[in-house]
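Engineer: Structure file start.txt (compact mmCIF, C-alpha atoms) right here:
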# COMPACT_ATOMS: atom_id res chain seq x y z
CA MET J 9 23.93 -51.78 -44.57
CA THR J 10 22.36 -49.77 -47.36
CA GLY J 11 24.56 -47.48 -49.38
CA PRO J 12 23.52 -44.30 -51.19
CA TYR J 13 22.93 -46.30 -54.36
CA ASP J 14 20.28 -48.32 -52.57
CA VAL J 15 18.37 -45.26 -51.47
CA ARG J 16 18.47 -43.65 -54.90
CA VAL J 17 17.73 -46.68 -57.07
CA LEU J 18 16.60 -49.73 -55.15
CA LEU J 19 14.17 -48.03 -52.83
CA PRO J 20 12.26 -46.07 -55.50
CA LEU J 21 12.21 -49.15 -57.74
CA THR J 22 10.78 -51.27 -54.95
CA ILE J 23 8.17 -48.65 -54.14
CA VAL J 24 7.14 -48.38 -57.80
CA LEU J 25 6.99 -52.18 -58.08
CA ILE J 26 4.87 -52.64 -54.97
CA ALA J 27 2.58 -49.77 -55.99
CA LEU J 28 2.07 -51.23 -59.49
CA LEU J 29 1.37 -54.70 -58.08
CA ALA J 30 -1.02 -53.28 -55.48
CA VAL J 31 -2.97 -51.32 -58.12
CA LEU J 32 -3.01 -54.40 -60.36
CA ALA J 33 -4.30 -56.54 -57.49
CA ILE J 34 -7.07 -54.06 -56.71
CA ASP J 35 -7.97 -53.84 -60.41
CA ALA J 36 -8.01 -57.64 -60.68
CA ALA J 37 -10.12 -57.99 -57.55
CA TYR J 38 -12.56 -55.37 -58.86
CA LEU J 39 -12.85 -56.97 -62.30
CA THR J 40 -13.24 -60.45 -60.81
CA ALA J 41 -15.94 -59.24 -58.45
CA ARG J 42 -17.74 -57.53 -61.33
CA GLY J 43 -17.39 -60.64 -63.44
CA LYS J 44 -15.34 -58.92 -66.11
CA PRO J 45 -12.49 -60.28 -68.24
CA VAL J 46 -9.07 -58.73 -68.75
CA ASP J 47 -9.38 -55.31 -70.39
CA ASN J 48 -6.87 -53.01 -72.04
CA PRO J 49 -6.00 -50.80 -69.04
CA MET J 50 -5.33 -53.95 -67.04
CA PHE J 51 -3.15 -55.35 -69.80
CA PHE J 52 -1.00 -52.21 -69.88
CA LEU J 53 -0.85 -52.14 -66.10
CA ALA J 54 0.34 -55.75 -66.07
CA CYS J 55 2.96 -54.90 -68.72
CA ALA J 56 4.22 -52.00 -66.60
CA ALA J 57 4.38 -54.26 -63.54
CA GLU J 58 6.29 -56.90 -65.51
CA LEU J 59 8.79 -54.24 -66.67
CA ALA J 60 9.33 -53.25 -63.03
CA VAL J 61 9.85 -56.92 -62.13
CA ILE J 62 12.45 -57.25 -64.91
CA ALA J 63 14.15 -54.04 -63.72
CA GLN J 64 14.24 -55.56 -60.27
CA LEU J 65 15.89 -58.70 -61.64
CA VAL J 66 18.60 -56.68 -63.40
CA VAL J 67 19.27 -54.23 -60.57
CA GLY J 68 19.01 -56.97 -57.95
CA ILE J 69 21.68 -59.09 -59.63
CA ALA J 70 23.88 -56.07 -60.37
CA ARG J 71 23.79 -54.90 -56.75
CA ILE J 72 23.80 -58.32 -55.09
CA GLY J 73 27.00 -57.43 -53.25
CA ASP J 74 25.20 -54.69 -51.31
CA ALA J 75 22.79 -57.11 -49.69
CA ASP J 76 23.12 -58.43 -46.18
CA ALA J 77 26.21 -60.62 -45.93
CA HIS J 78 24.19 -63.55 -44.61
CA MET J 79 21.83 -63.52 -47.56
CA SER J 80 21.69 -66.71 -49.59
CA LYS J 81 22.53 -65.39 -53.06
CA GLY J 82 21.20 -68.45 -54.84
CA LEU J 83 17.85 -68.10 -53.15
CA PHE J 84 17.74 -64.38 -53.91
CA VAL J 85 18.43 -64.90 -57.62
CA ALA J 86 15.93 -67.77 -57.74
CA TYR J 87 13.27 -65.46 -56.30
CA LEU J 88 14.14 -62.73 -58.80
CA ALA J 89 13.96 -65.18 -61.71
CA GLY J 90 10.76 -66.80 -60.44
CA LEU J 91 9.07 -63.41 -60.10
CA VAL J 92 9.74 -62.63 -63.77
CA CYS J 93 7.87 -65.79 -64.88
CA VAL J 94 4.66 -65.31 -62.92
CA LEU J 95 2.98 -62.40 -64.70
CA PRO J 96 3.56 -63.60 -68.30
CA VAL J 97 2.10 -67.03 -67.47
CA ALA J 98 -0.86 -65.58 -65.57
CA GLY J 99 -1.29 -62.86 -68.19
CA PHE J 100 -1.49 -65.20 -71.17
CA TRP J 101 -3.80 -67.44 -69.19
CA GLY J 102 -5.99 -64.50 -68.22
CA ILE J 103 -6.20 -63.31 -71.83
CA ALA J 104 -6.94 -66.82 -73.08
CA GLU J 105 -9.73 -66.94 -70.53
CA ARG J 106 -11.39 -63.77 -71.77
CA GLU J 107 -14.88 -65.18 -71.94
CA SER J 108 -15.16 -65.46 -68.17
CA ARG J 109 -14.32 -63.52 -65.05
CA TRP J 110 -11.88 -66.17 -63.90
CA GLY J 111 -9.14 -64.90 -66.16
CA THR J 112 -8.92 -61.85 -63.93
CA GLY J 113 -9.29 -64.17 -60.94
CA VAL J 114 -6.11 -65.94 -61.99
CA LEU J 115 -4.35 -62.59 -62.34
CA LEU J 116 -5.52 -61.66 -58.85
CA VAL J 117 -3.99 -64.82 -57.42
CA ALA J 118 -0.77 -64.23 -59.35
CA THR J 119 -0.48 -60.60 -58.25
CA LEU J 120 -1.08 -61.41 -54.59
CA GLY J 121 1.52 -64.16 -54.89
CA LEU J 122 3.95 -61.67 -56.39
CA LEU J 123 3.39 -59.21 -53.54
CA VAL J 124 4.20 -61.95 -51.04
CA MET J 125 7.31 -62.89 -53.01
CA VAL J 126 8.48 -59.27 -53.16
CA ALA J 127 8.02 -58.99 -49.40
CA ARG J 128 10.06 -62.16 -48.93
CA LEU J 129 12.70 -60.74 -51.29
CA LEU J 130 13.02 -57.62 -49.13
CA GLN J 131 13.39 -59.79 -46.03
CA LEU J 132 16.14 -61.77 -47.75
CA TRP J 133 17.92 -58.58 -48.81
CA ASN J 134 17.95 -57.30 -45.24
CA GLY J 135 19.11 -60.63 -43.87
CA VAL J 136 15.92 -61.64 -42.10
CA MET C 20 -6.55 -77.00 -73.60
CA THR C 21 -9.73 -76.85 -75.64
CA ASP C 22 -12.26 -75.81 -73.08
CA THR C 23 -15.75 -75.91 -74.42
CA PRO C 24 -18.24 -74.38 -72.04
CA ASN C 25 -20.45 -77.22 -70.93
CA SER C 26 -23.94 -75.96 -70.52
CA SER C 27 -25.31 -79.49 -70.42
CA SER C 28 -24.48 -79.88 -66.75
CA SER C 29 -25.34 -77.63 -63.85
CA LYS C 30 -22.12 -78.72 -62.18
CA THR C 31 -18.95 -76.90 -63.02
CA ARG C 32 -16.08 -78.89 -64.37
CA ILE C 33 -13.36 -78.85 -61.74
CA ASN C 34 -10.97 -77.01 -64.04
CA SER C 35 -13.32 -74.21 -65.03
CA GLY C 36 -14.89 -71.25 -63.30
CA PRO C 37 -13.45 -70.58 -59.85
CA GLY C 38 -11.51 -73.83 -60.33
CA ARG C 39 -9.10 -71.80 -62.43
CA MET C 40 -8.10 -69.76 -59.41
CA LEU C 41 -7.50 -72.97 -57.51
CA VAL C 42 -5.22 -74.16 -60.32
CA ALA C 43 -3.40 -70.82 -60.17
CA VAL C 44 -2.83 -71.05 -56.41
CA TYR C 45 -1.62 -74.63 -56.70
CA GLY C 46 0.67 -73.66 -59.57
CA LEU C 47 2.16 -70.80 -57.58
CA LEU C 48 2.73 -72.97 -54.52
CA GLY C 49 4.17 -75.66 -56.76
CA LEU C 50 6.63 -73.13 -58.17
CA ALA C 51 7.55 -71.87 -54.70
CA ALA C 52 7.96 -75.34 -53.19
CA THR C 53 9.92 -76.68 -56.16
CA GLY C 54 12.32 -73.76 -56.17
CA ARG C 55 12.70 -73.95 -52.43
CA SER C 56 13.40 -77.67 -52.23
CA ILE C 57 15.83 -77.69 -55.15
CA LEU C 58 17.80 -74.81 -53.63
CA GLN C 59 17.68 -76.22 -50.11
CA ILE C 60 18.92 -79.62 -51.22
CA ALA C 61 21.48 -78.25 -53.68
CA GLN C 62 22.97 -75.73 -51.27
CA THR C 63 23.47 -78.22 -48.45
CA TRP C 64 24.50 -81.19 -50.60
CA PRO C 65 25.69 -83.74 -49.56
CA ASP C 66 24.25 -83.05 -46.10
CA GLN C 67 20.78 -84.43 -45.79
CA HIS C 68 18.12 -82.59 -43.89
CA LEU C 69 14.70 -84.08 -43.38
CA PRO C 70 12.80 -80.78 -43.83
CA TYR C 71 14.32 -80.27 -47.27
CA TRP C 72 13.09 -83.61 -48.49
CA LEU C 73 9.69 -82.83 -47.03
CA SER C 74 9.76 -79.65 -49.11
CA ALA C 75 10.46 -81.79 -52.16
CA VAL C 76 7.52 -84.06 -51.34
CA ALA C 77 5.29 -81.02 -50.96
CA ALA C 78 6.56 -79.68 -54.29
CA VAL C 79 5.69 -82.92 -56.09
CA VAL C 80 2.26 -82.99 -54.45
CA TYR C 81 1.52 -79.41 -55.54
CA LEU C 82 2.69 -80.01 -59.08
CA VAL C 83 0.64 -83.20 -59.45
CA ALA C 84 -2.40 -81.44 -57.95
CA THR C 85 -1.93 -78.50 -60.34
CA VAL C 86 -1.86 -80.75 -63.39
CA ALA C 87 -4.73 -82.93 -62.11
CA LEU C 88 -6.92 -79.89 -61.45
CA ALA C 89 -6.01 -78.25 -64.75
CA ARG C 90 -6.86 -81.42 -66.67
CA ALA C 91 -9.96 -82.07 -64.57
CA SER C 92 -8.73 -85.48 -63.45
CA ALA C 93 -10.98 -85.58 -60.42
CA ARG C 94 -9.70 -88.87 -59.02
CA VAL C 95 -6.04 -87.96 -59.20
CA ALA C 96 -6.85 -84.55 -57.74
CA LEU C 97 -8.84 -86.13 -54.91
CA GLY C 98 -6.01 -88.52 -54.05
CA THR C 99 -3.31 -85.86 -54.19
CA ILE C 100 -5.22 -83.25 -52.25
CA THR C 101 -6.21 -85.77 -49.57
CA PHE C 102 -2.55 -86.73 -49.23
CA GLU C 103 -1.70 -83.03 -49.09
CA LEU C 104 -4.12 -82.45 -46.21
CA PHE C 105 -2.70 -85.37 -44.22
CA GLY C 106 0.81 -84.23 -45.11
CA VAL C 107 0.35 -80.70 -43.84
CA LEU C 108 -1.38 -81.92 -40.67
CA ALA C 109 1.24 -84.60 -39.97
CA VAL C 110 4.24 -82.39 -40.69
CA GLY C 111 2.58 -79.52 -38.84
CA ILE C 112 2.14 -81.57 -35.67
CA TRP C 113 5.56 -83.16 -36.10
CA SER C 114 7.26 -79.78 -36.36
CA TYR C 115 5.81 -78.71 -33.02
CA VAL C 116 6.52 -82.02 -31.26
CA ASP C 117 10.07 -82.57 -32.53
CA LYS C 118 11.43 -79.07 -33.10
CA ALA C 119 15.04 -80.27 -33.37
CA ALA C 120 14.33 -82.19 -36.56
CA PHE C 121 13.21 -79.00 -38.25
CA VAL C 122 16.15 -76.75 -37.55
CA ALA C 123 18.79 -77.08 -40.23
CA GLN C 124 22.28 -75.97 -39.37
CA GLY C 125 23.39 -72.67 -40.85
CA SER C 126 20.14 -71.66 -42.49
CA ALA C 127 18.32 -69.40 -40.08
CA GLY C 128 15.37 -71.47 -38.94
CA ASP C 129 14.86 -72.76 -42.43
CA THR C 130 12.22 -75.39 -42.27
CA THR C 131 9.80 -76.77 -44.79
CA VAL C 132 6.66 -75.76 -46.59
CA TRP C 133 4.43 -77.74 -44.29
CA SER C 134 6.12 -77.17 -40.93
CA LYS C 135 4.04 -75.33 -38.34
CA PHE C 136 1.04 -75.96 -40.60
CA GLY C 137 2.45 -73.77 -43.35
CA GLN C 138 2.99 -70.73 -41.14
CA GLY C 139 5.75 -69.43 -43.42
CA TYR C 140 3.25 -69.34 -46.28
CA GLY C 141 0.48 -67.59 -44.40
CA TYR C 142 -1.17 -70.93 -43.58
CA VAL C 143 -2.18 -71.21 -47.21
CA PRO C 144 -0.86 -74.82 -47.28
CA LEU C 145 -3.34 -75.65 -44.49
CA ILE C 146 -6.36 -73.90 -45.98
CA LEU C 147 -5.74 -74.90 -49.58
CA PRO C 148 -6.38 -78.68 -49.32
CA ILE C 149 -9.58 -78.04 -47.36
CA LEU C 150 -10.70 -75.60 -50.04
CA GLY C 151 -9.63 -78.06 -52.73
CA LEU C 152 -11.53 -80.98 -51.22
CA TRP C 153 -14.60 -78.82 -50.81
CA TRP C 154 -14.36 -77.76 -54.45
CA LEU C 155 -13.99 -81.36 -55.63
CA ARG C 156 -16.89 -82.50 -53.50
CA ARG C 157 -19.11 -79.69 -54.67
CA ASN C 158 -18.56 -80.60 -58.29
CA GLU C 159 -18.59 -84.33 -57.82
CA SER C 160 -20.05 -86.12 -60.81
CA ARG C 161 -22.77 -88.38 -59.57
Please express the file's structure as structure tokens.
Structural biologist:
Amino acid sequence: MTGPYDVRVLLPLTIVLIALLAVLAIDAAYLTARGKPVDNPMFFLACAAELAVIAQLVVGIARIGDADAHMSKGLFVAYLAGLVCVLPVAGFWGIAERESRWGTGVLLVATLGLLVMVARLLQLWNGV
Amino acid sequence: MTDTPNSSSSKTRINSGPGRMLVAVYGLLGLAATGRSILQIAQTWPDQHLPYWLSAVAAVVYLVATVALARASARVALGTITFELFGVLAVGIWSYVDKAAFVAQGSAGDTTVWSKFGQGYGYVPLILPILGLWWLRRNESR
């Protein structure tokens, strides 16, 4: 089901993506709990996560033929495209909301949502 | 979009403070439900499946609730979220009682956002309207 390309490129990419999102979620939860707005490290972390999401979009579409044969390709691409939109929207919102802790709260919601979507994406890829 | 912090009232406007997170969750669910229903309906067109249209209803409800919460339209938000709660309860019960209506041919157990009380979405669709109504009630303008 998974060729050598998957193991060398898709797997590491997915691990990096999930790790970045997990760190971002923890950071967002911490800042929200402390009542702090978006800070620079968080901004760069979010940028890195967004880059990984974009990489996932490109690689995912390029290697769509390697996925489980039963996978709905339209749904898969829709997920990939939807994922790309979430962080910029939440990010701009979070930065606009700098005077309160709830900017980071929004980012926390967005990041947790992204983690769920990535998990669903992996299920789709493997034909679940 | 111009949010001036209102220190005049001890109550929080429904679109500020933690309300922002509520807007974010509604927005995310709106995105998910919209994408899902459009794809479900488009991919099986012209076959009609009840669950897919229920997804579309849920999508509209989430989008209206998102906008209403974001713009602090308490009455619209109250109406939509109340409908949402009844919707998720009704569809949830329905999906257990009449399982056949919620199994679409060819799409592995594909159902709808609200079937089995939103199980596929970690029961967020069930908890969210309760949370939303509580939030509206807490910040009710008297």
Engineer: Each residue of chain C lying at most 7 Å from chain J should get a row with its shortest atom-to-atom pair and the distance in Å to one decimal, counting all atoms listed in the file; could you produce that, ordered by chain and increasing number, as CSV?
Structural biologist:
residue,atom,partner,partner_atom,distance
C:Gly36,CA,J:Trp110,CA,5.9
C:Pro37,CA,J:Trp110,CA,6.2
C:Arg39,CA,J:Trp110,CA,6.4
C:Met40,CA,J:Val114,CA,5.0
C:Ala43,CA,J:Val114,CA,5.9
C:Val44,CA,J:Val117,CA,6.4
C:Leu58,CA,J:Leu83,CA,6.7
Engineer: Compare C:Ala87, C:Val132, C:Ile33, C:Ala119 by their minimum atom-to-atom distance to Thr53 (chain C), counting only C-alpha atoms, and give me the closest one.
Structural biologist: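 Smallest distance to Thr53 (chain C) is found for C:Val132.
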Engineer: What's the 9 Å shell around Leu97 (chain C), counting all atoms listed in the file, without same-chain residues fewer than 2 positions away, as a count of residues only?
Structural biologist: 14
Engineer: For region 133-146 of chain C, work out the shell of residues within 8 Å, counting only C-alpha atoms and skipping chain neighbours fewer than 3 positions away, then give it as a ChimeraX atom specification.
Structural biologist: /C:73-74,77,104,106-108,110-115,121,130,149-150
Engineer: Emit as AutoDock Vina command-line options the padded axis-aligned box for all listed atoms of region 81-94 of chain C, 5 Å per side, with centre and edge lengths in Å to one decimal.
Structural biologist:
--center_x -4.1 --center_y -83.6 --center_z -61.1 --size_x 23.7 --size_y 20.6 --size_z 21.1
Engineer: Restricting the calculation to all atoms listed in the file, which member of J:Leu88, J:Ala41, J:Ala63, J:Ala57 is positioned closest to Ala127 (chain J)?
Structural biologist: J:Leu88
Engineer: Using all atoms listed in the file, find the one residue out of J:Leu91, J:Met50, J:Leu59, J:Ile72 that sits nearest to Leu123 (chain J).
Structural biologist: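 Nearest to Leu123 (chain J): J:Leu91.
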Engineer: Kindly give the distance, in Å, that separates CA of Leu82 (chain C) and CA of Gly49 (chain C), rounded to a single decimal.
Structural biologist: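 For CA of Leu82 (chain C) relative to CA of Gly49 (chain C), the distance reads 5.1 Å.
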Engineer: How many Å lie between CA of Leu29 (chain J) and CA of Leu147 (chain C), rounded to one decimal?
Structural biologist: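 One can read the CA of Leu29 (chain J) to CA of Leu147 (chain C) distance as 23.0 Å.
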Engineer: Could you work out how far CA of Val24 (chain J) lies from CA of Gly73 (chain J), giving the answer in Å with one decimal?
Structural biologist: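 Here the two named atoms are 22.3 Å from each other.
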Engineer: Applying 8 Å and only C-alpha atoms, which residues near Ser56 (chain C) remain after dropping the ones on its own chain fewer than 5 positions away? List them as a PyMOL selection string.
Structural biologist: chain C and resi 71-72+74-75+78
Engineer: Pick from J:Ala60, J:Asp74, J:Phe100, J:Trp133: nearest to Leu25 (chain J), with only C-alpha atoms counted?
Structural biologist: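 Looking at the shortest contact to Leu25 (chain J), the residue is J:Ala60.
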Engineer: Point out the residue among J:Ile103, J:Leu39, J:Leu53, J:Leu65 with the least atom-to-atom distance to Thr22 (chain J), counting only C-alpha atoms.
Structural biologist: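 The closest residue to Thr22 (chain J) is J:Leu65.
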Engineer: Determine the nearest neighbour of Gln64 (chain J) from the options J:Lys44, J:Tyr38, J:Pro20, J:Pro96, counting only C-alpha atoms.
Structural biologist: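 Among the listed residues, J:Pro20 lies closest to Gln64 (chain J).
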